[in-house]
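What follows is a single structure, written as structure tokens, with notes after it.
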Amino acid sequence: MFLANRVLKKETYDSTNIGWTWEIRPDGTYVRGYSFNAWMGCTKHGPECLFCYADTIMDQKGRDLFGKHTRRHFVSDGAWKKLRTWNRRAEKLGYHAKVFCSSFSDVFEELCESHPDIEAMEKARARLFAEMEACTHLTFIICTKRPMNALRMVPPKWSDGFPENVWVLATTGTQRTADRLIPRLLEIPATVIGLSVEPMLEPLKLPQEFLDRGGRSWVICGGESGKQAGIRAAHSDWYRDLRDQCVDADVPFFFKQVGDWIHEPLIVNPTKVQQTRLSKAKADPARVKAWEDDSRSYRLHKKSNGRLLDGREWNQFPGVCF
Ligand code: SF4
């Protein structure tokens, strides 16, 4: 049975749909994880940020939070209290719940010197790190585009070792970003470090030092989605090659989504919805991308494209017990 069908329904309160935060229970069911933002808003930081979903959602709500000089929105005490609630619930159920941190901001963003929110951000960051230390039944997965700032922003005692329940992932959709960020990520003394290769924008070769960590590294991968006309397609060989590098090195691999574009080798036993969307896409040149090897990708929709890679889900998690 696939991941989405095995969720333990009663544990869905306040939870997130993002599959890589879910927890596999001994009985084979999955419990959803959570997402938490100490503040909302950010500055775009590379090609992976081009169609930032958080920016799009905030734009739709009429909130201007994304930009070098725009104000950030700091969440209420009520939102902070949820962390303790989730922690108590996980403790009662006897597991560690994963918390995606942060989905609408970057924990390691550095504001420019004249920004009015510098002090508030520093306070929020310190409070977040204190909560991470206190909530030992939550595993905080910091997903950042700025791992180079991590060591000078975390509490000084963390430079000898991050708490075991704090993992750090860097977003690396291109080789250039990977080459720039992975060496900095490797400097972070966290039990688990990893890559969020989403959106995957080109083939990636991972450095041996990262692969040699095996189950203490993690790779999450997926294609781009969004409403914008320029959403970018990925070739299925890019996914396969990345997966194979991970499988060969025993690095857990999680394939999150195909994305809005689907490469034709991934279309296997299409559903009726997918068939209808495919016929429409084939008739619209803006929704067809031809690759150099003469294969095609079609722009359908992330929901109908699903998350199968070569006929199966890839739901691997770091094998860390604490
Ligand atoms: S770092 Fe993340 S939250 Fe910030 S702009 Fe880029 S995609 Fe958006």
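Ordered as shown in the structure tokens, chains take letters A, B, and onward, while each chain numbers its residues from 1 and ligands are numbered from 1 in the order shown.
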Got a sec to tell me which of range 137-275 of chain A DSSP assigns to alpha helix (DSSP H), as a PDB file with N, CA, C and O atoms, in the first residue's frame?
```
ATOM      1  N   ALA A 150      25.086  28.760   9.323  1.00  0.00           N
ATOM      2  CA  ALA A 150      24.574  27.979  10.464  1.00  0.00           C
ATOM      3  C   ALA A 150      25.457  28.095  11.701  1.00  0.00           C
ATOM      4  O   ALA A 150      24.983  28.428  12.792  1.00  0.00           O
ATOM      5  N   LEU A 151      26.767  27.848  11.537  1.00  0.00           N
ATOM      6  CA  LEU A 151      27.613  27.736  12.726  1.00  0.00           C
ATOM      7  C   LEU A 151      27.750  29.034  13.502  1.00  0.00           C
ATOM      8  O   LEU A 151      27.961  29.011  14.711  1.00  0.00           O
ATOM      9  N   ARG A 152      27.603  30.182  12.826  1.00  0.00           N
ATOM     10  CA  ARG A 152      27.706  31.420  13.610  1.00  0.00           C
ATOM     11  C   ARG A 152      26.344  31.880  14.124  1.00  0.00           C
ATOM     12  O   ARG A 152      26.255  32.859  14.848  1.00  0.00           O
ATOM     13  N   MET A 153      25.265  31.170  13.784  1.00  0.00           N
ATOM     14  CA  MET A 153      23.944  31.569  14.273  1.00  0.00           C
ATOM     15  C   MET A 153      23.409  30.662  15.382  1.00  0.00           C
ATOM     16  O   MET A 153      22.574  31.076  16.172  1.00  0.00           O
ATOM     17  N   GLN A 175      24.039  21.706  -9.972  1.00  0.00           N
ATOM     18  CA  GLN A 175      25.383  21.266  -9.580  1.00  0.00           C
ATOM     19  C   GLN A 175      26.157  22.426  -8.953  1.00  0.00           C
ATOM     20  O   GLN A 175      26.904  22.241  -7.983  1.00  0.00           O
ATOM     21  N   ARG A 176      25.944  23.612  -9.507  1.00  0.00           N
ATOM     22  CA  ARG A 176      26.674  24.781  -8.992  1.00  0.00           C
ATOM     23  C   ARG A 176      26.309  25.017  -7.520  1.00  0.00           C
ATOM     24  O   ARG A 176      27.172  25.236  -6.672  1.00  0.00           O
ATOM     25  N   THR A 177      25.001  24.945  -7.233  1.00  0.00           N
ATOM     26  CA  THR A 177      24.571  25.132  -5.837  1.00  0.00           C
ATOM     27  C   THR A 177      25.124  24.012  -4.968  1.00  0.00           C
ATOM     28  O   THR A 177      25.591  24.238  -3.855  1.00  0.00           O
ATOM     29  N   ALA A 178      25.064  22.790  -5.487  1.00  0.00           N
ATOM     30  CA  ALA A 178      25.561  21.649  -4.705  1.00  0.00           C
ATOM     31  C   ALA A 178      27.048  21.827  -4.398  1.00  0.00           C
ATOM     32  O   ALA A 178      27.487  21.622  -3.263  1.00  0.00           O
ATOM     33  N   ASP A 179      27.817  22.229  -5.399  1.00  0.00           N
ATOM     34  CA  ASP A 179      29.264  22.392  -5.192  1.00  0.00           C
ATOM     35  C   ASP A 179      29.555  23.494  -4.169  1.00  0.00           C
ATOM     36  O   ASP A 179      30.542  23.439  -3.435  1.00  0.00           O
ATOM     37  N   ARG A 180      28.690  24.488  -4.129  1.00  0.00           N
ATOM     38  CA  ARG A 180      28.891  25.614  -3.212  1.00  0.00           C
ATOM     39  C   ARG A 180      28.430  25.264  -1.791  1.00  0.00           C
ATOM     40  O   ARG A 180      29.094  25.604  -0.815  1.00  0.00           O
ATOM     41  N   LEU A 181      27.294  24.559  -1.688  1.00  0.00           N
ATOM     42  CA  LEU A 181      26.696  24.366  -0.357  1.00  0.00           C
ATOM     43  C   LEU A 181      27.108  23.079   0.359  1.00  0.00           C
ATOM     44  O   LEU A 181      27.172  23.049   1.593  1.00  0.00           O
ATOM     45  N   ILE A 182      27.357  22.008  -0.386  1.00  0.00           N
ATOM     46  CA  ILE A 182      27.616  20.730   0.306  1.00  0.00           C
ATOM     47  C   ILE A 182      28.870  20.805   1.192  1.00  0.00           C
ATOM     48  O   ILE A 182      28.847  20.336   2.344  1.00  0.00           O
ATOM     49  N   PRO A 183      29.979  21.427   0.733  1.00  0.00           N
ATOM     50  CA  PRO A 183      31.133  21.532   1.647  1.00  0.00           C
ATOM     51  C   PRO A 183      30.784  22.268   2.936  1.00  0.00           C
ATOM     52  O   PRO A 183      31.264  21.899   4.019  1.00  0.00           O
ATOM     53  N   ARG A 184      29.910  23.259   2.854  1.00  0.00           N
ATOM     54  CA  ARG A 184      29.525  24.003   4.065  1.00  0.00           C
ATOM     55  C   ARG A 184      28.590  23.167   4.940  1.00  0.00           C
ATOM     56  O   ARG A 184      28.648  23.225   6.166  1.00  0.00           O
ATOM     57  N   LEU A 185      27.746  22.389   4.284  1.00  0.00           N
ATOM     58  CA  LEU A 185      26.839  21.495   5.011  1.00  0.00           C
ATOM     59  C   LEU A 185      27.633  20.450   5.791  1.00  0.00           C
ATOM     60  O   LEU A 185      27.314  20.125   6.941  1.00  0.00           O
ATOM     61  N   LEU A 186      28.692  19.947   5.160  1.00  0.00           N
ATOM     62  CA  LEU A 186      29.520  18.909   5.797  1.00  0.00           C
ATOM     63  C   LEU A 186      30.248  19.425   7.038  1.00  0.00           C
ATOM     64  O   LEU A 186      30.685  18.644   7.882  1.00  0.00           O
ATOM     65  N   GLN A 208      31.860  12.348  -2.702  1.00  0.00           N
ATOM     66  CA  GLN A 208      32.063  11.097  -1.967  1.00  0.00           C
ATOM     67  C   GLN A 208      31.931  11.303  -0.463  1.00  0.00           C
ATOM     68  O   GLN A 208      31.414  10.450   0.248  1.00  0.00           O
ATOM     69  N   GLU A 209      32.416  12.440   0.023  1.00  0.00           N
ATOM     70  CA  GLU A 209      32.374  12.697   1.461  1.00  0.00           C
ATOM     71  C   GLU A 209      30.936  12.682   1.997  1.00  0.00           C
ATOM     72  O   GLU A 209      30.668  12.221   3.106  1.00  0.00           O
ATOM     73  N   PHE A 210      30.026  13.189   1.189  1.00  0.00           N
ATOM     74  CA  PHE A 210      28.608  13.181   1.571  1.00  0.00           C
ATOM     75  C   PHE A 210      28.059  11.757   1.501  1.00  0.00           C
ATOM     76  O   PHE A 210      27.385  11.276   2.415  1.00  0.00           O
ATOM     77  N   LEU A 211      28.401  11.041   0.425  1.00  0.00           N
ATOM     78  CA  LEU A 211      27.890   9.678   0.243  1.00  0.00           C
ATOM     79  C   LEU A 211      28.447   8.724   1.296  1.00  0.00           C
ATOM     80  O   LEU A 211      27.761   7.811   1.757  1.00  0.00           O
ATOM     81  N   SER A 236      13.729  12.289 -16.497  1.00  0.00           N
ATOM     82  CA  SER A 236      13.661  11.202 -15.501  1.00  0.00           C
ATOM     83  C   SER A 236      15.033  10.580 -15.237  1.00  0.00           C
ATOM     84  O   SER A 236      15.278  10.029 -14.160  1.00  0.00           O
ATOM     85  N   ASP A 237      15.959  10.661 -16.187  1.00  0.00           N
ATOM     86  CA  ASP A 237      17.307  10.108 -15.950  1.00  0.00           C
ATOM     87  C   ASP A 237      18.024  10.865 -14.826  1.00  0.00           C
ATOM     88  O   ASP A 237      18.881  10.294 -14.149  1.00  0.00           O
ATOM     89  N   TRP A 238      17.700  12.139 -14.657  1.00  0.00           N
ATOM     90  CA  TRP A 238      18.332  12.889 -13.557  1.00  0.00           C
ATOM     91  C   TRP A 238      17.937  12.275 -12.217  1.00  0.00           C
ATOM     92  O   TRP A 238      18.779  12.097 -11.330  1.00  0.00           O
ATOM     93  N   TYR A 239      16.625  11.968 -12.092  1.00  0.00           N
ATOM     94  CA  TYR A 239      16.137  11.347 -10.848  1.00  0.00           C
ATOM     95  C   TYR A 239      16.809   9.993 -10.638  1.00  0.00           C
ATOM     96  O   TYR A 239      17.244   9.659  -9.540  1.00  0.00           O
ATOM     97  N   ARG A 240      16.840   9.193 -11.718  1.00  0.00           N
ATOM     98  CA  ARG A 240      17.396   7.826 -11.599  1.00  0.00           C
ATOM     99  C   ARG A 240      18.859   7.868 -11.191  1.00  0.00           C
ATOM    100  O   ARG A 240      19.299   7.106 -10.334  1.00  0.00           O
ATOM    101  N   ASP A 241      19.594   8.752 -11.819  1.00  0.00           N
ATOM    102  CA  ASP A 241      21.028   8.803 -11.532  1.00  0.00           C
ATOM    103  C   ASP A 241      21.274   9.214 -10.070  1.00  0.00           C
ATOM    104  O   ASP A 241      22.134   8.635  -9.393  1.00  0.00           O
ATOM    105  N   LEU A 242      20.501  10.181  -9.600  1.00  0.00           N
ATOM    106  CA  LEU A 242      20.648  10.613  -8.204  1.00  0.00           C
ATOM    107  C   LEU A 242      20.263   9.461  -7.257  1.00  0.00           C
ATOM    108  O   LEU A 242      20.973   9.167  -6.290  1.00  0.00           O
ATOM    109  N   ARG A 243      19.132   8.818  -7.545  1.00  0.00           N
ATOM    110  CA  ARG A 243      18.706   7.666  -6.731  1.00  0.00           C
ATOM    111  C   ARG A 243      19.795   6.592  -6.705  1.00  0.00           C
ATOM    112  O   ARG A 243      20.120   6.053  -5.646  1.00  0.00           O
ATOM    113  N   ASP A 244      20.364   6.287  -7.865  1.00  0.00           N
ATOM    114  CA  ASP A 244      21.364   5.208  -7.930  1.00  0.00           C
ATOM    115  C   ASP A 244      22.618   5.561  -7.124  1.00  0.00           C
ATOM    116  O   ASP A 244      23.211   4.695  -6.483  1.00  0.00           O
ATOM    117  N   GLN A 245      23.016   6.837  -7.164  1.00  0.00           N
ATOM    118  CA  GLN A 245      24.168   7.242  -6.339  1.00  0.00           C
ATOM    119  C   GLN A 245      23.871   6.978  -4.865  1.00  0.00           C
ATOM    120  O   GLN A 245      24.728   6.506  -4.111  1.00  0.00           O
ATOM    121  N   CYS A 246      22.616   7.291  -4.459  1.00  0.00           N
ATOM    122  CA  CYS A 246      22.231   7.099  -3.046  1.00  0.00           C
ATOM    123  C   CYS A 246      22.151   5.611  -2.720  1.00  0.00           C
ATOM    124  O   CYS A 246      22.699   5.172  -1.699  1.00  0.00           O
ATOM    125  N   VAL A 247      21.482   4.843  -3.562  1.00  0.00           N
ATOM    126  CA  VAL A 247      21.306   3.404  -3.285  1.00  0.00           C
ATOM    127  C   VAL A 247      22.671   2.724  -3.186  1.00  0.00           C
ATOM    128  O   VAL A 247      22.931   1.947  -2.267  1.00  0.00           O
ATOM    129  N   ASP A 248      23.571   3.052  -4.099  1.00  0.00           N
ATOM    130  CA  ASP A 248      24.903   2.426  -4.085  1.00  0.00           C
ATOM    131  C   ASP A 248      25.672   2.742  -2.805  1.00  0.00           C
ATOM    132  O   ASP A 248      26.530   1.969  -2.382  1.00  0.00           O
ATOM    133  N   ALA A 249      25.390   3.903  -2.214  1.00  0.00           N
ATOM    134  CA  ALA A 249      26.137   4.322  -1.011  1.00  0.00           C
ATOM    135  C   ALA A 249      25.333   4.107   0.274  1.00  0.00           C
ATOM    136  O   ALA A 249      25.753   4.559   1.337  1.00  0.00           O
ATOM    137  N   LYS A 272      -7.261   7.662 -15.817  1.00  0.00           N
ATOM    138  CA  LYS A 272      -8.122   8.372 -16.770  1.00  0.00           C
ATOM    139  C   LYS A 272      -7.826   9.872 -16.750  1.00  0.00           C
ATOM    140  O   LYS A 272      -7.759  10.530 -17.774  1.00  0.00           O
ATOM    141  N   VAL A 273      -7.645  10.388 -15.522  1.00  0.00           N
ATOM    142  CA  VAL A 273      -7.361  11.828 -15.379  1.00  0.00           C
ATOM    143  C   VAL A 273      -6.060  12.152 -16.108  1.00  0.00           C
ATOM    144  O   VAL A 273      -5.977  13.143 -16.858  1.00  0.00           O
ATOM    145  N   GLN A 274      -5.068  11.314 -15.917  1.00  0.00           N
ATOM    146  CA  GLN A 274      -3.768  11.567 -16.545  1.00  0.00           C
ATOM    147  C   GLN A 274      -3.894  11.477 -18.080  1.00  0.00           C
ATOM    148  O   GLN A 274      -3.327  12.287 -18.802  1.00  0.00           O
ATOM    149  N   GLN A 275      -4.675  10.504 -18.555  1.00  0.00           N
ATOM    150  CA  GLN A 275      -4.845  10.353 -20.009  1.00  0.00           C
ATOM    151  C   GLN A 275      -5.498  11.595 -20.615  1.00  0.00           C
ATOM    152  O   GLN A 275      -5.068  12.094 -21.647  1.00  0.00           O
TER     153      GLN A 275
END
```
What are the nearest atom pairs, with distances in Å to one decimal, for all residues of chain A that come at most 12 Å from ligand 1, using only C-alpha atoms and all ligand atoms, set out by chain and rising residue number as a tab-separated table?
```
residue	atom	partner	partner_atom_place_in_ligand_line	distance
A:Asn37	CA	ligand 1	3 (S)	10.3
A:Trp39	CA	ligand 1	3 (S)	10.6
A:Met40	CA	ligand 1	3 (S)	8.2
A:Gly41	CA	ligand 1	3 (S)	6.7
A:Cys42	CA	ligand 1	4 (Fe)	4.4
A:Thr43	CA	ligand 1	5 (S)	4.9
A:Lys44	CA	ligand 1	5 (S)	3.8
A:His45	CA	ligand 1	6 (Fe)	5.6
A:Gly46	CA	ligand 1	6 (Fe)	7.2
A:Pro47	CA	ligand 1	6 (Fe)	8.7
A:Glu48	CA	ligand 1	7 (S)	6.5
A:Cys49	CA	ligand 1	6 (Fe)	4.0
A:Leu50	CA	ligand 1	7 (S)	7.4
A:Phe51	CA	ligand 1	7 (S)	7.4
A:Cys52	CA	ligand 1	8 (Fe)	4.4
A:Tyr53	CA	ligand 1	8 (Fe)	6.7
A:Ala54	CA	ligand 1	8 (Fe)	5.7
A:Asp55	CA	ligand 1	8 (Fe)	6.2
A:Thr56	CA	ligand 1	8 (Fe)	9.1
A:Ile57	CA	ligand 1	8 (Fe)	10.5
A:Met58	CA	ligand 1	8 (Fe)	10.7
A:Leu65	CA	ligand 1	5 (S)	9.8
A:Phe66	CA	ligand 1	5 (S)	6.8
A:Gly67	CA	ligand 1	5 (S)	8.2
A:Lys68	CA	ligand 1	5 (S)	10.1
A:Arg72	CA	ligand 1	4 (Fe)	11.6
A:Cys101	CA	ligand 1	3 (S)	10.5
A:Ser102	CA	ligand 1	3 (S)	7.7
A:Ser103	CA	ligand 1	3 (S)	6.4
A:Phe104	CA	ligand 1	3 (S)	4.8
A:Ser105	CA	ligand 1	3 (S)	4.2
A:Asp106	CA	ligand 1	1 (S)	5.4
A:Val107	CA	ligand 1	1 (S)	9.1
A:Phe108	CA	ligand 1	1 (S)	9.2
A:Glu109	CA	ligand 1	1 (S)	8.0
A:Glu110	CA	ligand 1	4 (Fe)	11.3
A:Ile142	CA	ligand 1	2 (Fe)	11.1
A:Cys143	CA	ligand 1	2 (Fe)	8.1
A:Thr144	CA	ligand 1	1 (S)	6.4
A:Lys145	CA	ligand 1	1 (S)	5.3
A:Arg146	CA	ligand 1	1 (S)	7.9
A:Pro147	CA	ligand 1	1 (S)	11.0
A:Leu169	CA	ligand 1	2 (Fe)	11.8
A:Ala170	CA	ligand 1	1 (S)	9.8
A:Thr171	CA	ligand 1	1 (S)	8.3
A:Thr172	CA	ligand 1	1 (S)	11.0
A:Gly173	CA	ligand 1	7 (S)	11.1
A:Ser196	CA	ligand 1	2 (Fe)	11.0
A:Val197	CA	ligand 1	7 (S)	11.9
A:Glu198	CA	ligand 1	7 (S)	9.8
A:Pro199	CA	ligand 1	7 (S)	9.7
A:Glu224	CA	ligand 1	7 (S)	11.6
```
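The interatomic distance for the pair CA of Lys205 in chain A and CA of Ala229 in chain A works out to 28.5 Å.
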query = Can you list, as JSON, numbers by chain, every protein, DNA or RNA residue that comes within 10 Å of Arg216 in chain A when you count only C-alpha atoms, leaving out same-chain residues fewer than 5 positions away?
reply = {"A": [167, 190, 191, 192, 193, 194, 210, 211, 250, 251, 252, 317, 318, 319, 320]}
Would you save the residues from that selection as an mmCIF file, in the first residue's frame, using N, CA and C atoms?
```
data_model
loop_
_atom_site.group_PDB
_atom_site.id
_atom_site.type_symbol
_atom_site.label_atom_id
_atom_site.label_comp_id
_atom_site.auth_asym_id
_atom_site.auth_seq_id
_atom_site.Cartn_x
_atom_site.Cartn_y
_atom_site.Cartn_z
ATOM 1 N N TRP A 167 18.273 18.169 12.548
ATOM 2 C CA TRP A 167 18.903 17.768 11.294
ATOM 3 C C TRP A 167 18.932 18.982 10.357
ATOM 4 N N ALA A 190 25.876 17.929 12.687
ATOM 5 C CA ALA A 190 24.535 17.405 12.978
ATOM 6 C C ALA A 190 24.538 15.900 12.724
ATOM 7 N N THR A 191 23.713 15.179 13.478
ATOM 8 C CA THR A 191 23.637 13.718 13.317
ATOM 9 C C THR A 191 23.255 13.374 11.883
ATOM 10 N N VAL A 192 22.285 14.112 11.352
ATOM 11 C CA VAL A 192 21.875 13.889 9.965
ATOM 12 C C VAL A 192 22.013 15.199 9.204
ATOM 13 N N ILE A 193 22.683 15.135 8.071
ATOM 14 C CA ILE A 193 22.656 16.256 7.135
ATOM 15 C C ILE A 193 22.114 15.707 5.820
ATOM 16 N N GLY A 194 21.545 16.575 5.017
ATOM 17 C CA GLY A 194 20.952 16.060 3.791
ATOM 18 C C GLY A 194 20.747 17.139 2.760
ATOM 19 N N PHE A 210 30.026 13.189 1.189
ATOM 20 C CA PHE A 210 28.608 13.181 1.571
ATOM 21 C C PHE A 210 28.059 11.757 1.501
ATOM 22 N N LEU A 211 28.401 11.041 0.425
ATOM 23 C CA LEU A 211 27.890 9.678 0.243
ATOM 24 C C LEU A 211 28.447 8.724 1.296
ATOM 25 N N ASP A 250 24.150 3.463 0.162
ATOM 26 C CA ASP A 250 23.273 3.273 1.333
ATOM 27 C C ASP A 250 22.843 4.598 1.951
ATOM 28 N N VAL A 251 22.710 5.613 1.121
ATOM 29 C CA VAL A 251 22.162 6.889 1.588
ATOM 30 C C VAL A 251 20.647 6.842 1.338
ATOM 31 N N PRO A 252 19.824 7.068 2.378
ATOM 32 C CA PRO A 252 18.377 7.006 2.160
ATOM 33 C C PRO A 252 17.918 8.032 1.134
ATOM 34 N N PHE A 317 14.201 6.872 4.873
ATOM 35 C CA PHE A 317 14.529 7.866 5.904
ATOM 36 C C PHE A 317 15.870 7.524 6.542
ATOM 37 N N PRO A 318 16.532 8.513 7.124
ATOM 38 C CA PRO A 318 17.792 8.210 7.830
ATOM 39 C C PRO A 318 17.556 7.168 8.918
ATOM 40 N N GLY A 319 18.509 6.267 9.053
ATOM 41 C CA GLY A 319 18.350 5.193 10.041
ATOM 42 C C GLY A 319 18.946 5.579 11.364
ATOM 43 N N VAL A 320 18.513 6.695 11.923
ATOM 44 C CA VAL A 320 19.103 7.167 13.164
ATOM 45 C C VAL A 320 18.151 6.890 14.318
#
```
For Phe100 in chain A, please output as a PDB file with C-alpha atoms, in the first residue's frame all residues within 7 Å (counting only C-alpha atoms; exclusion window: fewer than 5 positions along the same chain).
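Once everything was written out, this is result_29.pdb:
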```
ATOM      1  CA  THR A  21       8.006  14.524   7.631  1.00  0.00           C
ATOM      2  CA  TYR A  34       4.377  19.089  11.230  1.00  0.00           C
ATOM      3  CA  SER A  35       5.735  22.307   9.803  1.00  0.00           C
ATOM      4  CA  PHE A  36       6.762  25.279  11.904  1.00  0.00           C
ATOM      5  CA  PHE A 140      13.504  19.399  13.697  1.00  0.00           C
ATOM      6  CA  ILE A 141      14.493  19.295  10.034  1.00  0.00           C
ATOM      7  CA  ILE A 142      15.974  22.678   9.169  1.00  0.00           C
TER       8      ILE A 142
END
```
query = Within 12 Å of Pro163 in chain A, counting only C-alpha atoms, which residues qualify if same-chain residues fewer than 5 places away don't, as an MDAnalysis selection string?
reply = chainID A and resid 129:141 154:155 157:158 168 188:192 322
Could the residues in this selection be saved with N, CA, C and O atoms as a CSV table (one decimal), in the first residue's frame?
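Saved the output as out_17.csv:
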```
chain,number,residue,atom,x,y,z
A,129,PHE,N,15.9,27.8,18.8
A,129,PHE,CA,17.0,26.8,19.2
A,129,PHE,C,16.7,26.3,20.6
A,129,PHE,O,17.0,25.1,20.9
A,130,ALA,N,16.2,27.2,21.5
A,130,ALA,CA,15.9,26.7,22.9
A,130,ALA,C,14.7,25.7,22.8
A,130,ALA,O,14.7,24.7,23.6
A,131,GLU,N,13.7,26.0,22.0
A,131,GLU,CA,12.6,25.0,21.9
A,131,GLU,C,13.1,23.7,21.3
A,131,GLU,O,12.7,22.6,21.7
A,132,MET,N,14.1,23.8,20.4
A,132,MET,CA,14.6,22.5,19.8
A,132,MET,C,15.3,21.7,20.9
A,132,MET,O,15.2,20.5,20.9
A,133,GLU,N,16.0,22.4,21.8
A,133,GLU,CA,16.6,21.6,22.9
A,133,GLU,C,15.6,21.1,23.9
A,133,GLU,O,15.8,20.0,24.4
A,134,ALA,N,14.5,21.8,24.1
A,134,ALA,CA,13.5,21.4,25.1
A,134,ALA,C,12.6,20.3,24.5
A,134,ALA,O,12.2,19.4,25.3
A,135,CYS,N,12.3,20.3,23.2
A,135,CYS,CA,11.3,19.4,22.7
A,135,CYS,C,12.0,18.1,22.1
A,135,CYS,O,12.2,18.0,20.9
A,136,THR,N,12.4,17.3,23.0
A,136,THR,CA,13.3,16.1,22.6
A,136,THR,C,12.5,15.0,21.8
A,136,THR,O,13.1,14.1,21.3
A,137,HIS,N,11.2,15.1,21.8
A,137,HIS,CA,10.4,14.1,21.1
A,137,HIS,C,10.1,14.7,19.7
A,137,HIS,O,9.3,14.0,19.0
A,138,LEU,N,10.6,15.8,19.3
A,138,LEU,CA,10.4,16.3,18.0
A,138,LEU,C,11.8,16.3,17.3
A,138,LEU,O,12.8,16.7,17.9
A,139,THR,N,11.8,15.9,16.0
A,139,THR,CA,13.0,16.0,15.2
A,139,THR,C,12.8,17.2,14.3
A,139,THR,O,11.9,17.2,13.4
A,140,PHE,N,13.6,18.2,14.5
A,140,PHE,CA,13.5,19.4,13.7
A,140,PHE,C,14.4,19.2,12.4
A,140,PHE,O,15.6,19.0,12.5
A,141,ILE,N,13.8,19.4,11.3
A,141,ILE,CA,14.5,19.3,10.0
A,141,ILE,C,14.6,20.7,9.5
A,141,ILE,O,13.6,21.3,8.9
A,154,VAL,N,23.9,29.4,15.4
A,154,VAL,CA,23.4,28.5,16.5
A,154,VAL,C,24.0,28.8,17.8
A,154,VAL,O,25.1,29.5,17.8
A,155,PRO,N,23.5,28.3,18.9
A,155,PRO,CA,24.2,28.5,20.2
A,155,PRO,C,25.6,28.0,20.1
A,155,PRO,O,25.9,27.0,19.5
A,157,LYS,N,27.5,26.3,22.0
A,157,LYS,CA,27.8,24.9,22.4
A,157,LYS,C,27.4,23.9,21.3
A,157,LYS,O,27.9,22.8,21.3
A,158,TRP,N,26.6,24.4,20.3
A,158,TRP,CA,26.3,23.5,19.2
A,158,TRP,C,27.4,23.2,18.3
A,158,TRP,O,27.4,22.3,17.5
A,168,VAL,N,19.9,19.0,9.4
A,168,VAL,CA,20.0,20.1,8.5
A,168,VAL,C,20.0,19.7,7.1
A,168,VAL,O,20.9,18.8,6.7
A,188,ILE,N,28.8,21.1,9.3
A,188,ILE,CA,27.8,21.2,10.4
A,188,ILE,C,27.8,19.9,11.2
A,188,ILE,O,27.5,18.8,10.6
A,189,PRO,N,28.0,19.9,12.5
A,189,PRO,CA,28.1,18.7,13.3
A,189,PRO,C,26.7,18.2,13.7
A,189,PRO,O,26.4,18.0,14.9
A,190,ALA,N,25.9,17.9,12.7
A,190,ALA,CA,24.5,17.4,13.0
A,190,ALA,C,24.5,15.9,12.7
A,190,ALA,O,25.3,15.4,11.9
A,191,THR,N,23.7,15.2,13.5
A,191,THR,CA,23.6,13.7,13.3
A,191,THR,C,23.3,13.4,11.9
A,191,THR,O,23.8,12.5,11.3
A,192,VAL,N,22.3,14.1,11.4
A,192,VAL,CA,21.9,13.9,10.0
A,192,VAL,C,22.0,15.2,9.2
A,192,VAL,O,21.5,16.2,9.7
A,322,PHE,N,17.5,7.5,18.4
A,322,PHE,CA,18.0,8.2,19.6
A,322,PHE,C,16.8,8.2,20.6
A,322,PHE,O,15.7,7.9,20.3
```
request  = Using DSSP on the backbone, list every residue of range 276-307 of chain A that comes out as strand (DSSP E or B), and give them as a ChimeraX atom specification.
outcome  = /A:288-290,296-299
Selected residues, N, CA and C atoms, written as a short mmCIF file (atom, residue, chain, number, x, y, z; two decimals), in the first residue's frame, please.
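Saved to out35.cif:
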```cif
data_model
loop_
_atom_site.label_atom_id
_atom_site.label_comp_id
_atom_site.auth_asym_id
_atom_site.auth_seq_id
_atom_site.Cartn_x
_atom_site.Cartn_y
_atom_site.Cartn_z
N VAL A 288 4.54 21.07 -23.92
CA VAL A 288 5.39 19.97 -24.39
C VAL A 288 6.83 20.44 -24.38
N LYS A 289 7.73 19.62 -23.82
CA LYS A 289 9.15 19.95 -23.88
C LYS A 289 9.87 18.78 -24.55
N ALA A 290 10.63 19.11 -25.61
CA ALA A 290 11.41 18.06 -26.29
C ALA A 290 12.83 18.10 -25.74
N ARG A 296 10.11 13.27 -24.66
CA ARG A 296 9.28 14.45 -24.37
C ARG A 296 8.85 14.47 -22.90
N SER A 297 8.66 15.67 -22.41
CA SER A 297 7.96 15.86 -21.13
C SER A 297 6.69 16.63 -21.41
N TYR A 298 5.66 16.38 -20.58
CA TYR A 298 4.38 17.07 -20.76
C TYR A 298 3.99 17.74 -19.45
N ARG A 299 3.43 18.92 -19.57
CA ARG A 299 2.98 19.61 -18.36
C ARG A 299 1.55 19.19 -18.04
#
```
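Proximity to Ala97 in chain A was assessed for A:Ile24, A:Pro116, A:Asp160, A:Ala79 counting only C-alpha atoms; the smallest distance is recorded for A:Ile24.
Between CA of Trp314 in chain A and CA of Val31 in chain A lies a distance of 17.0 Å.
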